[in-house]
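Visitor: I am attaching a structure below and will ask some questions about it afterwards.
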Amino acid sequence: ADKKLWGGRFKEGTSASVEAYTESVSYDWRLYREDIAGSQAHARMLARQGVISGDEAETLCRGLEQVRAEIDAGDFQWKVELEDVHMNIEARLTEIVGPVGGKLHTGRSRNDQIGVDFRLHVNRSLKEWSELLAGLVNVLVHRAKEHQDTLLPGCTHLQPAQAVSLAQHLLAYACMFRRDHERVADCLKRVRVSPLGAAALSGTTYPLDPASAAMDLGFDRAFENSMDAVSDRDFAVEAIGAGSLIMAHLSRLCEELILWANPQFGYIRLPDAYSTGSSIMPQKKNPDICELMRGKTGRVYGSLMGMLTLLKGLPMTYNRDLQEDKEPFFDVDRTVGASVGIMADMLDQVEFVPQAMERALEAGFLNATELADYLVGRGMPFRQAHHASGACVALAESLGCGLAELSVEQMREAGAGVDEDVYAVLSYRASVQRRVSPGGTGPDSVREQLRVFDDWLAQH
Ligand code: ARG
């Protein structure tokens, strides 16, 4: 029992199964850099406040540096019986520097320590997500610039609705990922708060200076309430929530890419490097990456639910339940980071097939709204124009042709009082060109959107 750093009041050792059940070092060892940085900042703060001497702080910081070097080099013996990353490092530190190692934990608890480690880690991960998201927006904007003149059927209910430019379609996704970027930045404000100095839950009798330790570690500020500081995991829920929306957006894009890669759409050709074959059907080129990303979205949502449920009903303050917060975040981090990165690389190389998109415009009467708007231009109330255009659609459908193949007489008989100039309006290209409303698929709007994105990308 005396082997444990907390073993003073215990007579018997922990049972092996309990040790295996309670340990976290098998995964929280990943926090060693943050843990060491946190300990060094704590030691320096203790010295500034006169709780330990400057020499002692020096010794502790240098010892911790050596521990870090050992871990970096893979020379470190992680011990399950030492439970977690904190006690493994502290035990080794004390081996290196001797009894002064025991002073490091003055005025500190593992409760504020793990808060520091986890927040530093989430901070670093979210900054990586931000960079990856900006990279993905950049690819979408770049591909949108190439395809301002490529038209495809815009859908509602996955049914042909109106012609849109591929640029407009891609920029819709760029908007989603830009929002995700903003969400991550907003979440970071609450991640970047240091709990160091809260000690176990109530503060301490030593004259600590949490604010200076927070600055030392690069946090924006220190906690305000020690009890909240050691039990708050909102930031992890928010981070996983932001990750969940990133995956939601990715999975929507995946779904469209999967559809578009189907030969019946044929809108895209996936790069070989981002597709896989079948073990039995020689012709197959499957969009497995998109399918996996869509699937992994469920796993990230699972972590969000797990994290929320973990916190539900927890009394103040630190409870060991909170140890279960790390693995979901690590998993989400891995999944989100890899998914955003791979999507950017894949989109950069996807081959769009404008001819297939244009061919698809011919089916589904995407110009029926244009016809109605034309009639409105001639003074017909919109409801009546809608009806007349619908009658033309029914006629064309029964004849197996498009609206533009109907004669002026046929349209008139169906109740649409048109002249020869209607055909200019029925052209899909014209329908996109003529859209002037802000934010729409018209060329001016798309150019303006691209300009705003260029400004945004220059700043991110
Ligand atoms: N391994 C713990 C965690 O991840 C560290 C804090 C443990 N504190 C305690 N009082 N047992 O939450």
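Chain labels run A, B, ... following the order of the structure tokens; each chain numbers its residues from 1, and ligands are numbered from 1 in the order shown.
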How close does region 39-110 of chain A get to region 308-331 of chain A? List, as CSV, each residue of region 39-110 of chain A within 12 Å, its nearest atom pair and the distance in Å to one decimal, counting only C-alpha atoms.

Guide:
residue,atom,partner,partner_atom,distance
A:Glu83,CA,A:Gln323,CA,11.5
A:Asp84,CA,A:Gln323,CA,10.1
A:Val85,CA,A:Gln323,CA,12.0
A:Ser109,CA,A:Tyr318,CA,10.6
A:Arg110,CA,A:Tyr318,CA,9.9

Visitor: Set the distance at 10 Å and use only C-alpha atoms: which residues neighbour Phe118 (chain A) once local chain neighbours fewer than 5 positions away are removed? I'd like the list as a VMD selection string.

Guide: chain A and resid 28 31 34 to 35 112 to 113 123 to 124 191 233 235 to 236 325 to 326 329

Visitor: Assign secondary structure with DSSP using the backbone only, and return the residues of region 259-429 of chain A in alpha helix (DSSP H) as a PyMOL selection string.

Guide: chain A and resi 259-261+288-311+326-349+354-361+368-377+382-399+408-413+422-426+428-429

Visitor: Neighbours of Pro443 (chain A) within 9 Å (only C-alpha atoms; same-chain residues fewer than 4 positions away dropped), as a PyMOL selection string?

Guide: chain A and resi 148-149+165+432-436+447-448

Visitor: Select, from A:Trp29, A:Arg48, A:Asp209, A:Gly442, the residue with the minimum atom-to-atom distance to Gly74 (chain A), counting only C-alpha atoms.

Guide: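 Counting only C-alpha atoms, the residue closest to Gly74 (chain A) is A:Trp29.
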
Visitor: Do you know which residues are at most 10 Å from Thr59 (chain A) counting only C-alpha atoms, after dropping those on the same chain fewer than 3 positions away, and could you put them as a list in words?

Guide: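 Once the adjacent positions are removed, what remains is Ala43, Ser53, Gly54, Asp55, Glu56, Arg62, Gly63, Leu64, Glu65, Leu93, Ile96, Val97, Gly98, Val100 and Gly101 of chain A.
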
Visitor: Identify which of the residues A:Leu270, A:Ile258, A:Leu201, A:Val139 lies closest to ligand 1, counting only C-alpha atoms and all ligand atoms when measuring atom-to-atom distances.

Guide: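 Of A:Leu270, A:Ile258, A:Leu201, A:Val139, the one nearest ligand 1, counting only C-alpha atoms and all ligand atoms, is A:Leu201.
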
Visitor: Find the spatial neighbours of Leu375 (chain A), counting only C-alpha atoms, within a cut-off of 9 Å - ignore same-chain residues fewer than 6 positions away - and output them as a ChimeraX atom specification.

Guide: /A:381-382,384-386,388-389,416-418

Visitor: Of the candidates A:Arg221, A:Arg30, A:Lys11, A:Arg44, which shows the shortest atom-to-atom distance to ligand 1, using only C-alpha atoms and all ligand atoms?

Guide: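 Answer, going by the shortest atom-to-atom distance: A:Arg30.
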
Visitor: Would you kindly return, as a list in words, each protein, DNA or RNA residue with an atom no farther than 8 Å from any atom of Gly266 (chain A), considering only C-alpha atoms and excluding same-chain residues fewer than 3 positions away?

Guide: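 Using only C-alpha atoms, the neighbours found are Trp260, Ala261, Asn262, Pro263, Arg269, Val353, Ala356 and Met357 of chain A.
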
Visitor: Between A:Ser24, A:Thr276, A:Ser130, A:Thr106, which one has atoms that come closest to Val336 (chain A), using only C-alpha atoms?

Guide: A:Ser130

Visitor: Using only C-alpha atoms, find the one residue out of A:Thr335, A:Gln410, A:Thr150, A:Gln159 that sits nearest to Glu358 (chain A).

Guide: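 Among the listed residues, the smallest separation from Glu358 (chain A) belongs to A:Thr150.
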
Visitor: If we count only C-alpha atoms, what is near region 392-401 of chain A at a cut-off of 9 Å, once residues fewer than 6 positions away on the same chain are taken out, given as a tab-separated table (two decimals) with N, CA and C atoms, in the first residue's frame?

Guide:
chain	number	residue	atom	x	y	z
A	365	PHE	N	-37.89	19.24	-65.66
A	365	PHE	CA	-38.56	20.55	-65.83
A	365	PHE	C	-38.04	21.61	-64.85
A	368	ALA	N	-39.55	25.22	-64.99
A	368	ALA	CA	-40.98	25.49	-64.82
A	368	ALA	C	-41.21	26.79	-64.04
A	410	GLN	N	-49.01	25.47	-78.30
A	410	GLN	CA	-49.29	24.45	-77.27
A	410	GLN	C	-49.31	25.07	-75.88
A	411	MET	N	-48.35	25.98	-75.62
A	411	MET	CA	-48.30	26.62	-74.29
A	411	MET	C	-49.53	27.49	-74.09
A	412	ARG	N	-49.91	28.19	-75.15
A	412	ARG	CA	-51.10	29.06	-75.04
A	412	ARG	C	-52.34	28.24	-74.72
A	413	GLU	N	-52.47	27.09	-75.41
A	413	GLU	CA	-53.63	26.23	-75.16
A	413	GLU	C	-53.66	25.76	-73.72
A	414	ALA	N	-52.47	25.56	-73.15
A	414	ALA	CA	-52.40	25.11	-71.75
A	414	ALA	C	-52.65	26.27	-70.78
A	415	GLY	N	-52.86	27.46	-71.31
A	415	GLY	CA	-53.21	28.58	-70.43
A	415	GLY	C	-52.07	29.54	-70.19
A	416	ALA	N	-50.92	29.30	-70.87
A	416	ALA	CA	-49.77	30.18	-70.68
A	416	ALA	C	-49.65	31.10	-71.89

Visitor: What is the CA of Glu146 (chain A)-CA of Ser431 (chain A) distance in Å, reported with one decimal?

Guide: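 One can read the CA of Glu146 (chain A) to CA of Ser431 (chain A) distance as 19.9 Å.
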
Visitor: Report, in Å to a single decimal, how far apart CA of Trp129 (chain A) and CA of Ala185 (chain A) are.

Guide: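 Separation of CA of Ala185 (chain A) and CA of Trp129 (chain A): 10.0 Å.
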
Visitor: Take CA of Gly243 (chain A) and CA of Phe219 (chain A) and report the distance between them in Å, one decimal.

Guide: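 Spanning CA of Gly243 (chain A) to CA of Phe219 (chain A) is a straight-line distance of 21.8 Å.
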
Visitor: Of the candidates A:Val25, A:Cys254, A:Val80, A:Ile240, which one gets nearest to ligand 1 if we count only C-alpha atoms and all ligand atoms?

Guide: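 Smallest distance to ligand 1 is found for A:Val25.
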
Visitor: When DSSP works through the backbone of this structure, what residues of region 262-433 of chain A end up as strand (DSSP E or B), shown as JSON, numbers by chain?

Guide: {"A": [268, 269, 276, 286, 351, 352]}

Visitor: Output N, CA and C atoms of each residue in that selection to a file, as a compact mmCIF listing (two decimals), in the first residue's frame.

Guide:
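To be explicit, this is the file written out as again.txt:
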# COMPACT_ATOMS: atom_id res chain seq x y z
N ILE A 268 -19.42 13.01 -61.00
CA ILE A 268 -18.00 13.06 -60.60
C ILE A 268 -17.32 11.73 -60.91
N ARG A 269 -16.01 11.82 -61.06
CA ARG A 269 -15.18 10.62 -61.05
C ARG A 269 -14.26 10.74 -59.85
N THR A 276 -11.97 2.39 -53.64
CA THR A 276 -11.49 1.02 -53.48
C THR A 276 -12.27 0.12 -54.41
N ASN A 286 -15.50 1.80 -55.69
CA ASN A 286 -16.45 2.14 -54.62
C ASN A 286 -16.01 3.38 -53.84
N GLU A 351 -12.79 14.62 -59.96
CA GLU A 351 -13.01 15.16 -61.30
C GLU A 351 -14.50 15.41 -61.48
N PHE A 352 -14.87 16.65 -61.68
CA PHE A 352 -16.27 16.96 -61.95
C PHE A 352 -16.54 16.74 -63.44
